[in-house]
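Please read the structure below before turning to the comments.
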Amino acid sequence: MSIGTIARRTFLIGSAATAGGVAFGVWRYRTPYDNPLEDQLAEGEVTLTPYIKIDTDGVTVITPRIELGQGTMTTLAALVAEEMDLDLAQVRADHGPPSAAYYNGVVSAEGMPVAATDTGFMARTARGAGDVVGKFMGLHITGGSTSIPDAFDKMRQAGAAARLVMIRAAAEREGVIAGSLWTELGHVVGPNDLTIAYEDLAADAALLDIPRDVELKSRSNWRYLGQSQPRLDMVPKITGTAPFGIDIRLPDMLYATVRSNPAQGAGALNYDATDAQEMKGVVKIVPLKTGAGVLADTTWTAFRAADLIEFDWAPSPYPETSEDMAAALADSFTDEARDSRFRDDGDVENGSAEATEIEAEYKVPFLAHAPLEPMNATAWLRDGKLDIWAGTQVPTYVVDVAKDLTGLPDDAITLHTTLAGGSFGRRLEFDFIAQTIELALEADGRPVKMTWTREEDFAHDYPRPMGMARMKGRIAADGQIESLDGAFAYPSVVASQVSRLGLTVPGPDVAIVAGGWDQPFSIPNYRMTGHRAPEVAPVSSWRSVGASGNGFFHDCFLDELIHAAGLDPMEERIRLCWHDPSRKVLEAVAEMSNWGSPLPEGSGRGVGFCLSFGVPCAEVVEVTQTERGLKLDRAFAAADVGTALDPRNLDAQLSGGMIFGLGHAMNCQLTYTAGGAPDQINFPDYPAMRFDQCPKVETRILENGDTIKGIGEPGVPPAAPALANAIFAATGQRLREMPFDKFVDFA
Amino acid sequence: MKIVVNGIDHEVDVDPEMPLLWVLRDVLGITGPKFGCGIAYCGACTVHIYAQPVRSCSLQVQDVDGPVTTIEGLGSPDGLHPVQEAWQEHQVAQCGYCQAGQIMTAAAFLAEVPDPTDEDVDAAMGNNLCRCGTYPRIRDAVKTAAQKMKEA
């Protein structure tokens, strides 16, 4: 493992490495990375910046954040197309190679204990340091709703610089001054009907120096940005022609699957593959660290053969049952296990005389990411070269893993990042890719496509951790909320993720309290404490991470306090909120839902709010009691992203995030009853939102925030509290534990 | 064994118990129908036999009793089916993995029920899973597609 690898791995998402990163990273921060496209150009291709490749057919924009469904490929391409004056509909987009040049300068700031609403000097310095760290470490990573904020300036600057060199190349060729030329839809144009396609100028342009300081268009001159664009991947996805990872086909390819110990974190002691080996179409059974793999003539043969292998599994090192895991969390509300206390305003311990005290315990379960495309990858090792096709959010890590497994040097390894059928955080892990490389090592030079069964996928999901909160509050004699004291206990997602790289991260894990400690409400005595529970299962980042549970804990308990004070849930949240953009999203959903208007008997309306990933988001859900159970009638969401680049895509992500949050809150959990394997093995056990349960949805995007933000995750956290608060309004039943279908029926 | 897919005759030498999905994907290289759950629950593998929607992951190839149409045979990027046109108009897909199955289900449904109510749509589409939460746009697109198919 190289020093660079270790440095990058040591950092990952944690906060404590930040200070060191600033000091030793400055020299490198000033120096641009080499353009990784330079080494890969085919005959007739040229490159201008790491984001732009041109051949005789036109321009390819490198969109180095993986398209998982969030629409990032189109919006990133639009950033370049806007400034370069390309015809966006003609642009080809490509994920590009793994490279530190595509470092994510925003993702590391998410791990810092700096509230998004904090605009002070220290907060700004810390966020700036995030970019330095990201660049120094070369973190090529998709996640944390950061793709747009990270790329917003970088990719526009790349487009503007490329446009300038096109103009200079045309000016030189035509012998005119550059100032007399301008650009239109992929052409340099000038007086006397001069028009030259970029393709025809590219070779000359590539010889010119790319300017570092370029002026960007003002918003009033935007052609694509700020307007809804047809997604570049839409027609392929609705015609069955979009190549997902699972669709890769190569000559003489073997089809494979693996079977790992369904108990988490343990391997196979022994196995008997006699019957599997004899099955027609089976080529080879390959031992793996965690079980075995089957190489076969089709995926179906591989699946059936894997079923025939008789394993003697090793016992899981983790607690066997959900009850044991919950007990470990409950035991973590101690001073020894305290992980952070980023908020400690006033005095929550000593209340005023005659205050009413309220206490409640809240719980969330383990949740699987379960993207609809099961984990799969393709690897082809031949002639001292390795090609990998996979849907991954961490391409440079995958190359490191491939180097470790094969002993090949960097330049012998090519990773093709494919389209992915969802992720929700699952593709930050790369276990399935490592398994595929292990199989390719045994495939005698033939390509191997490895596909997990759905059951394998559920068993090895690296779920969102179980969490627990103990909430206390007081209502003063004058009817005001006097204090709010929250304590949250989870296993650390960051610690679990980096442990799989053989590392530890010092300092607190912000995810344990994210979405709880950093909420913009004025409560005089206000404390939020994180407790680190033991790693009761291997866990990872699930869409909106810590805020997926803490948004529920914080907002529902706030709702309890507001009801106890006899106040209106919407009006009081608005009154307590000191942060202007946050207050406005609350006001927006109030208006959209006609908050306060009468509802029929048996119906109720609830509001939920959470500020996560820098985005304030408020949601309102309306439910009605029916003979078949509770029906979700309508749902409203408003979020503030600072600058809205593609309104229709923002609507898709915000409504999708809300539906994701609602469906899991209603219907989903992973439980463990024996042996460390989840009880839920396929979608009937884990239905999430069903089509006929889905409410009518309306969204609104606001732009009052001062910086541009991403929307992939912030729609999730307010959904569960909005629904729980609506159920309380409709039925008087207060739900403090997910999934809600343990306690109520849904129609 | 003979099988007709998207109007083309294929002779396939496979185990007759192999599910149609894997014959399409791994033997014939027709990858529009997707593997999602393997137990006929999620709908990502939906294809038509005659005009009926079927879950190809759970239908043995020996039981295929008519011509198969996959998403590739419904329309193409240069010649979209009205349902696909509606999906494009409403920009339905996010990750897109379920959408071939959603579209095949919707196309078969609208051929039977040209003027559906909201309840009809929910009932017909209710067994197709989407993890990204595109259901509201699917509802709108099915309505638009119904209109387009009536006008066509």
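The way I read the labels, and the way they are meant: chains A, B, ... in the order of the structure tokens, residue 1 as the first residue of every chain, and ligand 1 as the first ligand shown, with later ones counted on from there.
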Original post:
Which chain B residues are at most 7 Å from chain A (counting only C-alpha atoms), as an MDAnalysis selection string?
Top reply: chainID B and resid 22 26 31:32 36:37 71:72 75:77 84 88 91 93:97 99:100 122:123 125:126 129 131:136
Original post:
Neighbours of range 45-56 of chain B within 7 Å (only C-alpha atoms; same-chain residues fewer than 5 positions away dropped), as a list in words?
Top reply: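 My list of contacting residues is Pro19, Leu20, Leu21, Pro33, Lys34, Phe35, Ala40, Gly66, Pro67, Val68, Thr69, Thr70, Gly101, Met104, Thr105 and Ala108 of chain B.
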Subject >> Two-atom distance - CA of Glu45 in chain A, CA of Thr195 in chain A (Å) >> reply: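 A separation of 21.1 Å between them.
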Original post:
Which polymer residues have any atom within 7 Å of an atom of Ala197 in chain A, counting only C-alpha atoms, with same-chain residues fewer than 2 positions away left out, as a list in words?
Top reply: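 Counting only the stated atoms, we get Gly186, His187, Val188, Thr195, Glu199, Asp200 and Leu201 of chain A.
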What does the file look like for those residues with C-alpha atoms, as a compact mmCIF listing (two decimals), in the first residue's frame?
# COMPACT_ATOMS: atom_id res chain seq x y z
CA GLY A 186 -20.12 24.54 -30.11
CA HIS A 187 -18.73 26.95 -32.66
CA VAL A 188 -16.48 29.99 -32.69
CA THR A 195 -18.05 29.88 -38.11
CA GLU A 199 -13.99 19.91 -33.24
CA ASP A 200 -12.05 21.62 -36.01
CA LEU A 201 -10.20 23.89 -33.57
Find the spatial neighbours of Ala124 in chain B, counting only C-alpha atoms, within a cut-off of 12 Å - ignore same-chain residues fewer than 4 positions away - and output them as a compact mmCIF listing (two decimals) with C-alpha atoms, in the first residue's frame.
# COMPACT_ATOMS: atom_id res chain seq x y z
CA PHE A 691 -46.94 2.55 -5.37
CA ASP A 692 -50.48 2.56 -3.98
CA GLY B 43 -41.37 -6.13 -11.49
CA PRO B 53 -47.14 -8.55 -18.78
CA GLN B 102 -42.70 0.01 -15.12
CA ILE B 103 -43.07 0.92 -18.79
CA MET B 104 -43.87 -2.65 -19.89
CA THR B 105 -46.48 -2.90 -17.14
CA ALA B 106 -48.01 0.45 -18.10
CA ALA B 107 -48.07 -0.36 -21.82
CA ALA B 108 -49.88 -3.66 -21.26
CA PHE B 109 -52.30 -2.01 -18.84
CA LEU B 110 -53.17 0.89 -21.13
CA GLU B 112 -56.50 -3.06 -21.86
CA VAL B 113 -57.76 0.02 -20.02
CA PRO B 116 -57.95 4.66 -16.42
CA THR B 117 -58.90 6.37 -13.17
CA ASP B 118 -56.27 7.20 -10.52
CA GLU B 119 -57.34 4.09 -8.62
CA ASP B 120 -56.96 1.95 -11.75
CA ASN B 128 -43.83 -2.56 -9.46
CA ILE B 138 -45.22 7.53 -13.12
CA ARG B 139 -48.84 8.38 -12.24
CA VAL B 142 -49.43 6.94 -17.33
**OP:** Kindly indicate which residue among A:Gly507, A:Pro32, A:Gly175, A:Pro463 lies nearest to Pro538 in chain A, using only C-alpha atoms for the distances.
**Re:**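 Using only C-alpha atoms, the shortest distance to Pro538 in chain A belongs to A:Pro463.
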**OP:** Would you mind writing down, as an MDAnalysis selection string, each residue of range 63-125 of chain B that DSSP on the backbone assigns to alpha helix (DSSP H)?
**Re:** chainID B and resid 71:74 82:90 99:112 118:125
Original post:
Contacts of Ala730 in chain A at 9 Å or less, counting only C-alpha atoms, minus same-chain residues fewer than 2 places along, as a PyMOL selection string?
Top reply: chain A and resi 601-606+622-625+725-728+732-733
Subject >> Spatial neighbours of range 99-115 of chain A, max dist 7 Å, only C-alpha atoms, sep filter under 3 positions, as a PyMOL selection string >> reply: chain A and resi 13-15+33-36+64+118+123+127+130-132+134-135+138-141+144+146+150+396+510+518
Kindly export the residues of the current selection with C-alpha atoms, as a CSV table (one decimal), in the first residue's frame.
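As written to disk, out-v4.csv reads:
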chain,number,residue,atom,x,y,z
A,13,ILE,CA,-14.6,11.5,6.5
A,14,GLY,CA,-13.4,12.1,10.0
A,15,SER,CA,-12.9,15.5,11.5
A,33,TYR,CA,-3.3,17.9,-10.5
A,34,ASP,CA,-2.2,16.5,-13.9
A,35,ASN,CA,-5.0,15.9,-16.4
A,36,PRO,CA,-5.7,12.2,-16.2
A,64,PRO,CA,-16.7,12.5,-12.3
A,118,ASP,CA,-22.6,29.3,11.3
A,123,ALA,CA,-16.7,28.1,10.5
A,127,ARG,CA,-15.0,24.9,5.5
A,130,GLY,CA,-12.2,21.0,3.8
A,131,ASP,CA,-11.3,21.9,0.3
A,132,VAL,CA,-7.5,21.8,1.1
A,134,GLY,CA,-10.0,17.1,-0.1
A,135,LYS,CA,-7.5,18.2,-2.7
A,138,GLY,CA,-7.2,13.4,-3.7
A,139,LEU,CA,-10.6,12.2,-2.5
A,140,HIS,CA,-12.4,11.2,-5.7
A,141,ILE,CA,-15.7,10.4,-4.1
A,144,GLY,CA,-22.8,13.7,1.1
A,146,THR,CA,-21.8,17.4,-2.4
A,150,ASP,CA,-18.1,20.9,-5.3
A,396,THR,CA,-9.6,5.7,-6.4
A,510,VAL,CA,-20.4,14.1,13.9
A,518,ASP,CA,-27.2,21.8,14.6
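Take CA of Ala78 in chain A and CA of Ile708 in chain A: the distance between them is 15.4 Å.
Here CA of Val545 in chain A stands at a distance of 14.4 Å from CA of Asp461 in chain A.
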Original post:
Which residue out of A:Asp706, A:Asp324, A:Asp339, A:Asp651 has the minimum interatomic distance to His90 in chain B when only C-alpha atoms are used?
Top reply: A:Asp651
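The residue set within 9 Å of Pro581 in chain A, counting only C-alpha atoms and dropping same-chain residues fewer than 2 places from it, reads His579, Arg583, Lys584, Val585, Leu586, Val615, Pro616, Ala639, Asp640, Gly642, Leu702, Glu703, Asn704 and Gly705 of chain A.
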Produce a file of the selected residues containing all heavy atoms, as an mmCIF file, in the first residue's frame.
data_model
loop_
_atom_site.group_PDB
_atom_site.id
_atom_site.type_symbol
_atom_site.label_atom_id
_atom_site.label_comp_id
_atom_site.auth_asym_id
_atom_site.auth_seq_id
_atom_site.Cartn_x
_atom_site.Cartn_y
_atom_site.Cartn_z
ATOM 1 N N HIS A 579 -33.161 31.274 11.963
ATOM 2 C CA HIS A 579 -32.386 31.242 10.712
ATOM 3 C C HIS A 579 -33.331 31.520 9.552
ATOM 4 O O HIS A 579 -34.268 30.761 9.296
ATOM 5 C CB HIS A 579 -31.735 29.859 10.583
ATOM 6 C CG HIS A 579 -30.908 29.671 9.357
ATOM 7 N ND1 HIS A 579 -31.203 28.706 8.419
ATOM 8 C CD2 HIS A 579 -29.800 30.306 8.905
ATOM 9 C CE1 HIS A 579 -30.292 28.743 7.448
ATOM 10 N NE2 HIS A 579 -29.442 29.707 7.728
ATOM 11 N N ARG A 583 -36.631 29.422 8.317
ATOM 12 C CA ARG A 583 -37.990 29.900 8.605
ATOM 13 C C ARG A 583 -38.809 29.956 7.315
ATOM 14 O O ARG A 583 -39.988 29.621 7.288
ATOM 15 C CB ARG A 583 -37.913 31.277 9.270
ATOM 16 C CG ARG A 583 -39.182 31.635 10.031
ATOM 17 C CD ARG A 583 -38.998 32.891 10.862
ATOM 18 N NE ARG A 583 -38.486 33.976 10.049
ATOM 19 C CZ ARG A 583 -37.280 34.526 10.200
ATOM 20 N NH1 ARG A 583 -36.470 34.101 11.143
ATOM 21 N NH2 ARG A 583 -36.890 35.508 9.407
ATOM 22 N N LYS A 584 -38.151 30.331 6.249
ATOM 23 C CA LYS A 584 -38.904 30.470 4.989
ATOM 24 C C LYS A 584 -39.340 29.130 4.394
ATOM 25 O O LYS A 584 -40.350 29.066 3.703
ATOM 26 C CB LYS A 584 -38.083 31.279 3.984
ATOM 27 C CG LYS A 584 -38.099 32.766 4.364
ATOM 28 C CD LYS A 584 -37.284 33.625 3.446
ATOM 29 C CE LYS A 584 -37.497 35.095 3.838
ATOM 30 N NZ LYS A 584 -36.402 35.956 3.357
ATOM 31 N N VAL A 585 -38.581 28.063 4.619
ATOM 32 C CA VAL A 585 -39.077 26.765 4.131
ATOM 33 C C VAL A 585 -40.278 26.309 4.958
ATOM 34 O O VAL A 585 -41.201 25.677 4.427
ATOM 35 C CB VAL A 585 -37.991 25.651 4.059
ATOM 36 C CG1 VAL A 585 -36.889 26.031 3.095
ATOM 37 C CG2 VAL A 585 -37.445 25.274 5.419
ATOM 38 N N LEU A 586 -40.275 26.651 6.248
ATOM 39 C CA LEU A 586 -41.448 26.340 7.070
ATOM 40 C C LEU A 586 -42.662 27.141 6.587
ATOM 41 O O LEU A 586 -43.762 26.603 6.433
ATOM 42 C CB LEU A 586 -41.159 26.651 8.544
ATOM 43 C CG LEU A 586 -40.272 25.635 9.272
ATOM 44 C CD1 LEU A 586 -39.676 26.225 10.543
ATOM 45 C CD2 LEU A 586 -41.071 24.361 9.603
ATOM 46 N N VAL A 615 -28.858 22.170 4.088
ATOM 47 C CA VAL A 615 -30.135 22.477 3.426
ATOM 48 C C VAL A 615 -31.270 22.413 4.443
ATOM 49 O O VAL A 615 -31.577 21.343 4.972
ATOM 50 C CB VAL A 615 -30.411 21.473 2.288
ATOM 51 C CG1 VAL A 615 -31.782 21.721 1.671
ATOM 52 C CG2 VAL A 615 -29.322 21.560 1.227
ATOM 53 N N PRO A 616 -31.919 23.558 4.727
ATOM 54 C CA PRO A 616 -33.125 23.482 5.542
ATOM 55 C C PRO A 616 -34.262 22.896 4.718
ATOM 56 O O PRO A 616 -34.473 23.294 3.566
ATOM 57 C CB PRO A 616 -33.414 24.941 5.915
ATOM 58 C CG PRO A 616 -32.574 25.787 5.034
ATOM 59 C CD PRO A 616 -31.569 24.922 4.322
ATOM 60 N N ALA A 639 -37.470 23.108 0.340
ATOM 61 C CA ALA A 639 -36.065 23.069 0.731
ATOM 62 C C ALA A 639 -35.340 24.246 0.108
ATOM 63 O O ALA A 639 -35.725 24.732 -0.963
ATOM 64 C CB ALA A 639 -35.417 21.756 0.286
ATOM 65 N N ASP A 640 -34.273 24.681 0.777
ATOM 66 C CA ASP A 640 -33.493 25.817 0.279
ATOM 67 C C ASP A 640 -32.103 25.342 -0.124
ATOM 68 O O ASP A 640 -31.331 24.889 0.723
ATOM 69 C CB ASP A 640 -33.392 26.891 1.366
ATOM 70 C CG ASP A 640 -32.914 28.213 0.780
ATOM 71 O OD1 ASP A 640 -31.865 28.213 0.080
ATOM 72 O OD2 ASP A 640 -33.582 29.236 0.996
ATOM 73 N N GLY A 642 -29.968 27.371 -1.939
ATOM 74 C CA GLY A 642 -29.127 28.532 -2.252
ATOM 75 C C GLY A 642 -29.260 28.961 -3.707
ATOM 76 O O GLY A 642 -29.737 30.046 -4.005
ATOM 77 N N LEU A 702 -36.413 26.767 -2.701
ATOM 78 C CA LEU A 702 -36.137 28.179 -2.393
ATOM 79 C C LEU A 702 -34.650 28.474 -2.546
ATOM 80 O O LEU A 702 -33.826 27.559 -2.552
ATOM 81 C CB LEU A 702 -36.588 28.493 -0.959
ATOM 82 C CG LEU A 702 -38.089 28.762 -0.772
ATOM 83 C CD1 LEU A 702 -38.909 27.502 -0.945
ATOM 84 C CD2 LEU A 702 -38.357 29.365 0.594
ATOM 85 N N GLU A 703 -34.342 29.748 -2.661
ATOM 86 C CA GLU A 703 -32.953 30.164 -2.915
ATOM 87 C C GLU A 703 -32.536 31.307 -1.996
ATOM 88 O O GLU A 703 -31.932 32.274 -2.433
ATOM 89 C CB GLU A 703 -32.800 30.591 -4.380
ATOM 90 C CG GLU A 703 -33.101 29.496 -5.379
ATOM 91 C CD GLU A 703 -32.874 29.951 -6.812
ATOM 92 O OE1 GLU A 703 -33.771 30.608 -7.362
ATOM 93 O OE2 GLU A 703 -31.793 29.675 -7.358
ATOM 94 N N ASN A 704 -32.836 31.179 -0.728
ATOM 95 C CA ASN A 704 -32.453 32.238 0.204
ATOM 96 C C ASN A 704 -31.107 32.003 0.873
ATOM 97 O O ASN A 704 -30.541 32.914 1.465
ATOM 98 C CB ASN A 704 -33.533 32.394 1.283
ATOM 99 C CG ASN A 704 -34.865 32.789 0.676
ATOM 100 O OD1 ASN A 704 -34.950 33.771 -0.063
ATOM 101 N ND2 ASN A 704 -35.901 32.003 0.940
ATOM 102 N N GLY A 705 -30.598 30.799 0.799
ATOM 103 C CA GLY A 705 -29.303 30.495 1.412
ATOM 104 C C GLY A 705 -28.171 31.163 0.644
ATOM 105 O O GLY A 705 -28.319 31.493 -0.536
#
Tell me, counting only C-alpha atoms, for each residue of range 494-580 of chain A within 8 Å of range 476-482 of chain A, which pair of atoms is nearest and how far apart they are in Å to one decimal, in rows ordered by chain and increasing number, as JSON lines.
{"residue": "A:Ile523", "atom": "CA", "partner": "A:Glu482", "partner_atom": "CA", "distance": 6.4}
{"residue": "A:Pro524", "atom": "CA", "partner": "A:Glu482", "partner_atom": "CA", "distance": 6.2}
{"residue": "A:Asn525", "atom": "CA", "partner": "A:Glu482", "partner_atom": "CA", "distance": 6.3}
{"residue": "A:Leu561", "atom": "CA", "partner": "A:Ile481", "partner_atom": "CA", "distance": 6.9}
{"residue": "A:Ile562", "atom": "CA", "partner": "A:Ile481", "partner_atom": "CA", "distance": 7.3}
{"residue": "A:Ala565", "atom": "CA", "partner": "A:Gly479", "partner_atom": "CA", "distance": 5.3}
{"residue": "A:Gly566", "atom": "CA", "partner": "A:Gly479", "partner_atom": "CA", "distance": 7.7}
